>>> print(open('run.txt').read())   # compact mmCIF, C-alpha atoms
# COMPACT_ATOMS: atom_id res chain seq x y z
CA MET A 1287 2.57 2.17 -16.04
CA SER A 1288 6.02 0.67 -15.94
CA LEU A 1289 7.62 -1.84 -13.62
CA SER A 1290 11.14 -1.23 -14.96
CA GLU A 1291 12.25 0.76 -11.88
CA TYR A 1292 10.96 -2.03 -9.63
CA ASN A 1293 12.83 -4.67 -11.65
CA GLN A 1294 16.06 -2.64 -11.83
CA LYS A 1295 16.23 -2.32 -8.04
CA ARG A 1296 16.03 -6.06 -7.42
CA ASN A 1297 18.22 -9.12 -7.94
CA PHE A 1298 15.70 -11.93 -8.39
CA ASN A 1299 18.44 -14.55 -7.93
CA SER A 1300 18.71 -13.56 -4.27
CA THR A 1301 15.25 -12.29 -3.27
CA ALA A 1302 11.93 -14.15 -3.19
CA GLU A 1303 10.06 -11.01 -4.28
CA PRO A 1304 8.00 -11.58 -7.45
CA GLU A 1305 9.32 -10.32 -10.77
CA GLY A 1306 7.50 -7.34 -12.19
CA LYS A 1307 4.79 -8.30 -14.66
CA ILE A 1308 1.59 -6.40 -15.50
CA LYS A 1309 -1.51 -8.30 -14.35
CA GLN A 1310 -4.79 -7.19 -12.87
CA SER A 1311 -7.97 -8.21 -11.10
CA THR A 1312 -10.91 -9.13 -13.25
CA THR A 1313 -13.73 -7.89 -11.05
CA GLU A 1314 -12.74 -5.62 -8.16
CA LEU A 1315 -9.65 -3.50 -7.58
CA ILE A 1316 -7.51 -4.60 -4.65
CA PHE A 1317 -5.40 -2.82 -2.07
CA VAL A 1318 -2.75 -4.18 0.26
CA VAL A 1319 -0.82 -2.77 3.20
CA GLN A 1320 2.47 -4.46 4.03
CA LYS A 1321 4.33 -3.87 7.29
CA HIS A 1322 8.00 -3.69 6.38
CA ALA A 1323 10.94 -3.76 8.80
CA ALA A 1324 13.59 -2.39 6.43
CA SER A 1325 16.24 0.12 7.60
CA HIS A 1326 13.24 1.95 9.13
CA LEU A 1327 9.94 0.33 10.08
CA HIS A 1328 7.16 1.55 7.78
CA TYR A 1329 3.95 0.45 6.10
CA ASP A 1330 3.69 0.08 2.31
CA PHE A 1331 0.27 1.17 1.09
CA ARG A 1332 -0.58 -0.17 -2.39
CA LEU A 1333 -3.56 0.46 -4.68
CA GLU A 1334 -4.15 -1.61 -7.81
CA MET A 1335 -4.15 0.59 -10.90
CA ASP A 1336 -3.69 -0.42 -14.57
CA GLY A 1337 -2.30 -3.87 -13.80
CA ALA A 1338 0.24 -2.80 -11.17
CA LEU A 1339 0.26 -1.57 -7.57
CA LYS A 1340 0.73 2.18 -7.07
CA SER A 1341 2.75 2.35 -3.87
CA TRP A 1342 3.37 4.75 -0.99
CA ALA A 1343 5.64 4.21 2.04
CA ILE A 1344 3.92 5.45 5.21
CA PRO A 1345 6.50 5.87 8.02
CA LYS A 1346 3.95 6.07 10.88
CA GLY A 1347 1.43 3.66 9.32
CA PRO A 1348 -2.21 4.29 8.44
CA SER A 1349 -4.71 5.59 10.98
CA MET A 1350 -8.47 5.33 11.41
CA ASN A 1351 -8.48 8.75 13.11
CA PRO A 1352 -9.37 11.66 10.76
CA ALA A 1353 -7.23 13.98 12.93
CA ASP A 1354 -4.10 12.02 11.91
CA LYS A 1355 -2.60 13.10 8.62
CA ARG A 1356 -0.02 10.48 7.73
CA LEU A 1357 2.94 11.29 5.50
CA ALA A 1358 2.97 8.97 2.48
CA ILE A 1359 6.02 8.90 0.19
CA MET A 1360 5.20 7.67 -3.31
CA VAL A 1361 7.64 4.96 -4.40
CA GLU A 1362 8.00 2.86 -7.54
CA ASP A 1363 5.07 0.79 -8.81
CA HIS A 1364 5.06 -2.83 -7.66
CA PRO A 1365 3.71 -5.84 -9.60
CA TYR A 1366 0.19 -7.06 -8.90
CA SER A 1367 1.60 -10.37 -7.60
CA TYR A 1368 3.37 -8.45 -4.81
CA LYS A 1369 -0.01 -8.33 -3.05
CA ASP A 1370 0.71 -11.71 -1.42
CA PHE A 1371 4.42 -11.23 -0.71
CA GLU A 1372 5.49 -12.06 2.84
CA GLY A 1373 8.94 -13.06 3.96
CA THR A 1374 12.48 -11.82 4.32
CA ILE A 1375 14.22 -9.68 1.74
CA PRO A 1376 17.88 -10.74 2.23
CA GLU A 1377 20.66 -8.36 3.30
CA GLY A 1378 22.33 -6.66 0.37
CA ASN A 1379 19.01 -6.33 -1.47
CA TYR A 1380 16.92 -3.19 -1.89
CA GLY A 1381 14.49 -2.95 1.05
CA ALA A 1382 16.23 -5.71 3.03
CA GLY A 1383 14.16 -6.84 6.01
CA ASN A 1384 10.99 -8.70 6.95
CA VAL A 1385 7.61 -8.07 5.32
CA ILE A 1386 4.11 -9.18 6.34
CA VAL A 1387 0.74 -8.51 4.71
CA TRP A 1388 -0.77 -6.34 7.44
CA ASP A 1389 -4.08 -5.72 5.65
CA ASN A 1390 -5.74 -6.26 2.29
CA GLY A 1391 -9.09 -6.11 0.60
CA THR A 1392 -10.86 -4.31 -2.21
CA TYR A 1393 -11.44 -0.65 -2.89
CA THR A 1394 -13.75 1.56 -4.91
CA LEU A 1395 -13.77 5.23 -5.74
CA THR A 1396 -16.20 7.40 -3.83
CA ASP A 1397 -17.98 8.57 -6.97
CA GLU A 1398 -17.51 6.14 -9.89
CA ASP A 1399 -18.98 2.82 -10.99
CA GLY A 1400 -17.63 0.28 -13.46
CA LEU A 1401 -14.00 -0.88 -13.65
CA ASP A 1402 -13.22 0.98 -16.89
CA LYS A 1403 -14.52 4.31 -15.56
CA VAL A 1404 -12.73 3.73 -12.26
CA GLU A 1405 -9.34 3.17 -13.96
CA ASN A 1406 -9.74 6.39 -15.99
CA LYS A 1407 -10.81 8.38 -12.92
CA LEU A 1408 -7.90 6.97 -10.89
CA GLN A 1409 -5.38 8.11 -13.50
CA SER A 1410 -6.99 11.54 -13.70
CA ASP A 1411 -7.15 11.94 -9.91
CA LEU A 1412 -3.55 10.76 -9.54
CA GLN A 1413 -2.43 13.44 -11.98
CA LYS A 1414 -4.44 16.05 -10.05
CA GLY A 1415 -2.86 14.90 -6.78
CA HIS A 1416 -6.07 13.96 -4.95
CA LEU A 1417 -7.51 10.44 -4.72
CA SER A 1418 -10.63 9.62 -2.68
CA PHE A 1419 -11.53 5.96 -2.22
CA ILE A 1420 -13.37 3.52 0.03
CA LEU A 1421 -11.37 0.63 1.50
CA ASN A 1422 -13.03 -2.66 2.35
CA GLY A 1423 -10.22 -4.37 4.25
CA LYS A 1424 -9.92 -6.52 7.33
CA LYS A 1425 -8.46 -3.62 9.39
CA LEU A 1426 -8.90 -0.51 7.26
CA LYS A 1427 -12.48 0.35 6.32
CA GLY A 1428 -14.31 3.32 4.94
CA GLU A 1429 -13.32 6.41 3.04
CA PHE A 1430 -9.74 7.68 2.78
CA ALA A 1431 -7.96 10.30 0.71
CA LEU A 1432 -4.43 10.59 -0.63
CA VAL A 1433 -3.52 14.24 -1.14
CA LYS A 1434 -0.32 15.36 -2.84
CA LEU A 1435 1.67 18.03 -1.00
CA GLU A 1436 3.09 21.02 -2.85
CA THR A 1437 6.69 20.71 -1.64
CA LYS A 1438 10.16 20.54 -3.16
CA GLN A 1439 9.93 16.76 -2.92
CA GLU A 1440 7.46 15.83 -5.64
CA ASN A 1441 6.57 12.43 -4.19
CA THR A 1442 5.13 13.53 -0.82
CA TRP A 1443 1.47 12.90 -0.08
CA LEU A 1444 -0.78 12.64 2.96
CA LEU A 1445 -3.04 9.67 3.74
CA ILE A 1446 -6.11 10.94 5.59
CA LYS A 1447 -9.07 9.02 7.01
CA SER A 1448 -12.41 10.65 6.27
CA LYS A 1449 -15.04 11.19 8.96
CA ASP A 1450 -17.45 8.29 8.49
CA GLN A 1451 -18.97 5.47 10.53
CA TYR A 1452 -15.61 3.62 10.62
CA ALA A 1453 -13.55 6.55 11.92
CA ASN A 1454 -12.25 6.15 15.48
CA ASP A 1455 -9.29 7.11 17.64
CA GLU A 1456 -8.18 3.57 18.51
CA ASP A 1457 -4.66 2.71 17.34
CA VAL A 1458 -5.32 0.25 14.49
CA LEU A 1459 -1.56 -0.48 14.37
CA GLN A 1460 -1.93 -2.42 17.65
CA GLN A 1461 -3.40 -5.14 15.43
CA ASP A 1462 0.09 -6.22 14.41
CA LYS A 1463 -0.44 -9.68 12.89
CA SER A 1464 -0.39 -10.66 9.24
CA ILE A 1465 -3.81 -11.34 7.84
CA LEU A 1466 -2.29 -14.15 5.71
CA SER A 1467 0.02 -16.03 8.08
CA ASN A 1468 -1.06 -14.65 11.50
CA MET A 1469 2.63 -13.87 12.14
CA THR A 1470 4.07 -10.65 13.53
CA LEU A 1471 7.31 -9.18 12.18
CA GLU A 1472 8.97 -10.27 15.44
CA SER A 1473 7.81 -13.90 15.12
CA MET A 1474 8.97 -13.94 11.50
CA GLU A 1475 12.38 -12.68 12.58
CA LYS A 1476 12.67 -15.47 15.18
CA LYS A 1477 11.61 -18.07 12.60
CA ASP A 1478 14.10 -16.81 9.99
CA GLY A 1479 16.81 -15.95 12.51
>>> encode(input="run.txt", output="structure tokens")
Amino acid sequence: MSLSEYNQKRNFNSTAEPEGKIKQSTTELIFVVQKHAASHLHYDFRLEMDGALKSWAIPKGPSMNPADKRLAIMVEDHPYSYKDFEGTIPEGNYGAGNVIVWDNGTYTLTDEDGLDKVENKLQSDLQKGHLSFILNGKKLKGEFALVKLETKQENTWLLIKSKDQYANDEDVLQQDKSILSNMTLESMEKKDG
């Protein structure tokens, strides 16, 4: 796993984003979802894997409704320390705009125990184009799947909520505050503006 693409896209003299370094959790794997008002509003869905955060941009945001299949565009890996990043990426920088940590927590695979086995299974499943995992977040809970689409664009996936006790048709995106700062993107814009 390499963070070179992440580092090449950023000027760390003008953005507060963390520099890319490999680091990982010691006990449980983490996930984070950041709401990002860049040129287009989207949600960045990140799963810890091998000391970095595998990342997908989800234009319509995640859903707790199994009927919703959300397009997820795989983007460059992000450093583990990005899990806590909130703030404004200045104009002229890649991804310029405001970012909040919309949700976070831990995750496990649906059928593996032990961190070593999980990391191996994650890599294998990623290569196969089908990841199934259980999120234990503040907003997102239960089983989800990321499924790679067979299209001309090789980085297109779908994020799908599985039918379980957490599935519902309420719009989870209505919960629009950061779980770290309790700010919305709009309140952050007023503060920074």
>>> atom_distance(input="run.txt", atom1="atom CA of Ala1338 of chain A", atom2="atom CA of Thr1374 of chain A")
21.7 Å
>>> closest_residue(input="run.txt", among="A:Val1387, A:Glu1334, A:Asp1363, A:Asp1354", to="Gln1294 of chain A", atoms="only C-alpha atoms")
A:Asp1363
>>> closest_residue(input="run.txt", among="A:Ser1288, A:Thr1313, A:Ser1349, A:Asn1384", to="Met1469 of chain A", atoms="only C-alpha atoms")
A:Asn1384
>>> residues_around(input="run.txt", residues="segment 1409-1423 of chain A", least_positions_apart="5", cutoff="9 Å", atoms="all atoms listed in the file", output="list in words")
Ile1316, Phe1317, Val1318, Met1335, Asp1336, Asp1389, Asn1390, Gly1391, Thr1392, Tyr1393, Thr1394, Leu1395, Thr1396, Asp1397, Val1404, Gly1428, Glu1429, Phe1430, Ala1431, Leu1432, Val1433, Lys1434, Leu1435 and Trp1443 of chain A
>>> residues_near_point(input="run.txt", point="(-18.5, 5.1, 11.7)", cutoff="12 Å", atoms="all atoms listed in the file", output="number ranges by chain")
A: 1350-1352, 1426-1429, 1447-1455
>>> residues_around(input="run.txt", residues="segment 1339-1347 of chain A", least_positions_apart="3", cutoff="7 Å", atoms="only C-alpha atoms", output="PDB file with C-alpha atoms, in the frame of the given file")
ATOM      1  CA  LEU A1327       9.940   0.330  10.080  1.00  0.00           C
ATOM      2  CA  HIS A1328       7.160   1.550   7.780  1.00  0.00           C
ATOM      3  CA  TYR A1329       3.950   0.450   6.100  1.00  0.00           C
ATOM      4  CA  ASP A1330       3.690   0.080   2.310  1.00  0.00           C
ATOM      5  CA  PHE A1331       0.270   1.170   1.090  1.00  0.00           C
ATOM      6  CA  ARG A1332      -0.580  -0.170  -2.390  1.00  0.00           C
ATOM      7  CA  LEU A1333      -3.560   0.460  -4.680  1.00  0.00           C
ATOM      8  CA  GLU A1334      -4.150  -1.610  -7.810  1.00  0.00           C
ATOM      9  CA  MET A1335      -4.150   0.590 -10.900  1.00  0.00           C
ATOM     10  CA  ARG A1356      -0.020  10.480   7.730  1.00  0.00           C
ATOM     11  CA  LEU A1357       2.940  11.290   5.500  1.00  0.00           C
ATOM     12  CA  ALA A1358       2.970   8.970   2.480  1.00  0.00           C
ATOM     13  CA  ILE A1359       6.020   8.900   0.190  1.00  0.00           C
ATOM     14  CA  MET A1360       5.200   7.670  -3.310  1.00  0.00           C
ATOM     15  CA  VAL A1361       7.640   4.960  -4.400  1.00  0.00           C
ATOM     16  CA  GLU A1362       8.000   2.860  -7.540  1.00  0.00           C
ATOM     17  CA  ASP A1363       5.070   0.790  -8.810  1.00  0.00           C
ATOM     18  CA  HIS A1364       5.060  -2.830  -7.660  1.00  0.00           C
ATOM     19  CA  PRO A1365       3.710  -5.840  -9.600  1.00  0.00           C
ATOM     20  CA  TYR A1366       0.190  -7.060  -8.900  1.00  0.00           C
TER      21      TYR A1366
END
>>> atom_distance(input="run.txt", atom1="atom CA of Ser1473 of chain A", atom2="atom CA of Arg1296 of chain A")
25.2 Å
>>> atom_distance(input="run.txt", atom1="atom CA of Lys1477 of chain A", atom2="atom CA of Asp1462 of chain A")
16.6 Å
>>> residues_near_point(input="run.txt", point="(-6.5, -13.3, 10.3)", cutoff="10 Å", atoms="all atoms listed in the file", output="list in words")
Trp1388, Asp1389, Lys1424, Lys1425, Lys1463, Ser1464, Ile1465, Leu1466, Ser1467, Asn1468 and Met1469 of chain A
>>> closest_residue(input="run.txt", among="A:Ala1323, A:Val1458, A:Gly1378, A:Tyr1368", to="Thr1470 of chain A", atoms="all atoms listed in the file")
A:Ala1323
>>> residues_around(input="run.txt", residues="Thr1301 of chain A", least_positions_apart="6", cutoff="10 Å", atoms="all atoms listed in the file", output="PyMOL selection string")
chain A and resi 1373-1380+1382
>>> closest_residue(input="run.txt", among="A:Lys1476, A:Lys1438, A:Lys1369, A:Lys1309", to="Gly1337 of chain A", atoms="only C-alpha atoms")
A:Lys1309
